[in-house]
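Inspection log for the structure reproduced underneath, given as structure tokens.
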Amino acid sequence: MPFDVAMPAGGEVRPDRVADMGTRWKPLADLCGHPLAEWVVRGLRSSPQVGRIALVAGPQVLEQVGGLADLTAADRGSGPANLFAALETLGGGRALITGCDAPFVNAEVIDSFLLGAAEVDAGMHFSFVKAGDFRDEYPGVPFLGVKLREGQCVLGSLHLISGEFLLGQQQRLEDAFEARKQTLKLLRMIGLTTVAKYVTGLLSIADVERRVGRILGCRCAAVECDRPEIAFDVDKPEHLEAARRLLAGRDPASP
């Protein structure tokens, strides 16, 4: 059975990036003559493993690109709330999660991730790639790396979750999302042992799996992907410019 996709795409571009991004709404950023969100949806559609796509966004975005999705819902004001809105719209079940800013996700990337996820039974699978692989594929493109015992890694843009389970963990996820802005609360949630391991370079992928699992209340599994495209997301104007160079002359209907 194909996997439905939850695509939370609310929020606005940071004020200091609006001029360079060309819009207040990241899903509508111009990427070679098409909205960024269109590239993402078309890439998802290229995979027979993708079913329905639920897009959650503000009225400006839904008006222009809402028709690309199968289901839509209005922005609820936060990342977790929008994720839950997408899952509720889909009616539960296992679902892929991705943002509106991953223009290089396509059938091959999805196959690579799902193949790895199938090897471990977990309530949530999250993707990552080795930083060196990302640099080789996208030289000069900035990325946010995480230093782990196995080497520097980059979080991917595609994840797999059990929708029914996560819908029952809304408060946990909201607390984790809010904690990112409060240092003491974040440290308590992450745990001092985990922080100490990270600072000293001893934090492992298994440690991350266990800690995220405790926070969410389910078994979590990290899936190393051999396709660096899964970790390319358009967070900054530099990413948008790089994507324009790489996709010049292409059409989102043929990702």
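Chain labels A, B, ... are given in the sequence in which chains occur in the structure tokens; within each chain residues are numbered consecutively from 1, and ligands are likewise numbered from 1 in the order shown.
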
Which polymer residues have any atom within 12 Å of an atom of stretch 196-198 of chain A, counting only C-alpha atoms, with same-chain residues fewer than 3 positions away left out, as a PyMOL selection string?
chain A and resi 146-152+187+190-193+201-205+207-208

Dump N, CA and C atoms for the selected residues as a CSV table (one decimal), in the first residue's frame?
```csv
chain,number,residue,atom,x,y,z
A,146,VAL,N,25.4,17.7,12.6
A,146,VAL,CA,25.4,17.3,14.0
A,146,VAL,C,26.6,16.4,14.2
A,147,LYS,N,27.4,16.8,15.1
A,147,LYS,CA,28.6,16.0,15.4
A,147,LYS,C,28.3,14.8,16.3
A,148,LEU,N,28.4,13.6,15.7
A,148,LEU,CA,28.2,12.4,16.4
A,148,LEU,C,29.4,11.5,16.5
A,149,ARG,N,29.4,10.5,17.3
A,149,ARG,CA,30.6,9.6,17.4
A,149,ARG,C,30.9,8.9,16.1
A,150,GLU,N,29.9,8.7,15.3
A,150,GLU,CA,30.1,8.0,14.0
A,150,GLU,C,30.6,9.0,12.9
A,151,GLY,N,30.6,10.3,13.2
A,151,GLY,CA,31.0,11.3,12.3
A,151,GLY,C,29.9,12.4,12.1
A,152,GLN,N,30.1,13.4,11.5
A,152,GLN,CA,29.1,14.5,11.3
A,152,GLN,C,28.0,14.1,10.4
A,187,LEU,N,17.4,21.7,28.1
A,187,LEU,CA,18.4,20.8,28.8
A,187,LEU,C,17.8,19.7,29.6
A,190,ILE,N,16.4,17.1,27.1
A,190,ILE,CA,17.4,16.3,26.5
A,190,ILE,C,18.2,15.5,27.5
A,191,GLY,N,18.4,16.0,28.7
A,191,GLY,CA,19.2,15.3,29.7
A,191,GLY,C,20.6,15.7,29.7
A,192,LEU,N,21.2,16.0,30.9
A,192,LEU,CA,22.5,16.4,31.0
A,192,LEU,C,23.5,15.4,30.5
A,193,THR,N,23.2,14.1,30.6
A,193,THR,CA,24.1,13.1,30.1
A,193,THR,C,24.3,13.2,28.6
A,201,GLY,N,31.9,14.8,22.1
A,201,GLY,CA,32.0,14.0,20.9
A,201,GLY,C,31.7,12.5,21.0
A,202,LEU,N,31.0,12.2,22.2
A,202,LEU,CA,30.8,10.8,22.4
A,202,LEU,C,29.3,10.4,22.1
A,203,LEU,N,28.5,11.3,21.7
A,203,LEU,CA,27.1,11.0,21.4
A,203,LEU,C,27.0,10.2,20.2
A,204,SER,N,26.3,9.1,20.3
A,204,SER,CA,26.2,8.2,19.1
A,204,SER,C,24.8,8.2,18.5
A,205,ILE,N,24.6,7.6,17.4
A,205,ILE,CA,23.3,7.6,16.7
A,205,ILE,C,22.3,6.8,17.6
A,207,ASP,N,22.4,6.7,20.8
A,207,ASP,CA,22.0,7.6,21.9
A,207,ASP,C,20.8,8.5,21.5
A,208,VAL,N,21.0,9.0,20.3
A,208,VAL,CA,19.9,9.9,19.7
A,208,VAL,C,18.6,9.2,19.6
```

Show which residues sit within 9 Å of stretch 33-49 of chain A, as a VMD selection string. Count only C-alpha atoms, and ignore same-chain residues fewer than 3 positions away.
chain A and resid 1 to 5 9 26 to 30 53 64 to 65 68 to 69 98 to 108 110 to 111 234 240 251 to 255

Neighbours of A:His159 within 7 Å (only C-alpha atoms; same-chain residues fewer than 4 positions away dropped), as a list in words?
Leu96, Ile97, Thr98, His125, Phe126 and Ser127 of chain A

What does the file look like for those residues with C-alpha atoms, as a tab-separated table (two decimals), in the first residue's frame?
```tsv
chain	number	residue	atom	x	y	z
A	96	LEU	CA	5.60	10.07	5.45
A	97	ILE	CA	6.41	13.55	6.72
A	98	THR	CA	8.18	16.15	4.65
A	125	HIS	CA	11.94	6.56	11.40
A	126	PHE	CA	13.98	9.68	10.71
A	127	SER	CA	16.45	10.05	7.87
```

Step one, run DSSP on the backbone; step two, keep only residues of stretch 47-234 of chain A assigned to strand (DSSP E); then write them as a ChimeraX atom specification.
/A:50-57,71-74,94-98,124-130,145-148,151-162,220-224

From the set A:Ala222, A:Leu247, A:Pro59, A:Gly77, which residue has the shortest atom-to-atom contact distance to A:Ala118, counting only C-alpha atoms?
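Looking only at the distances to A:Ala118, the closest residue turns out to be A:Ala222.
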
Within 12 Å of A:Glu12 using only C-alpha atoms, minus same-chain residues under 3 positions, as a ChimeraX atom specification
/A:9,15-18,21,23-29,57-58,60-61,75,77-79,235

Gap from atom CA of A:Leu83 to atom CA of A:Glu224 - Å, one decimal:
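Atom CA of A:Glu224 lies at a distance of 23.2 Å from atom CA of A:Leu83.
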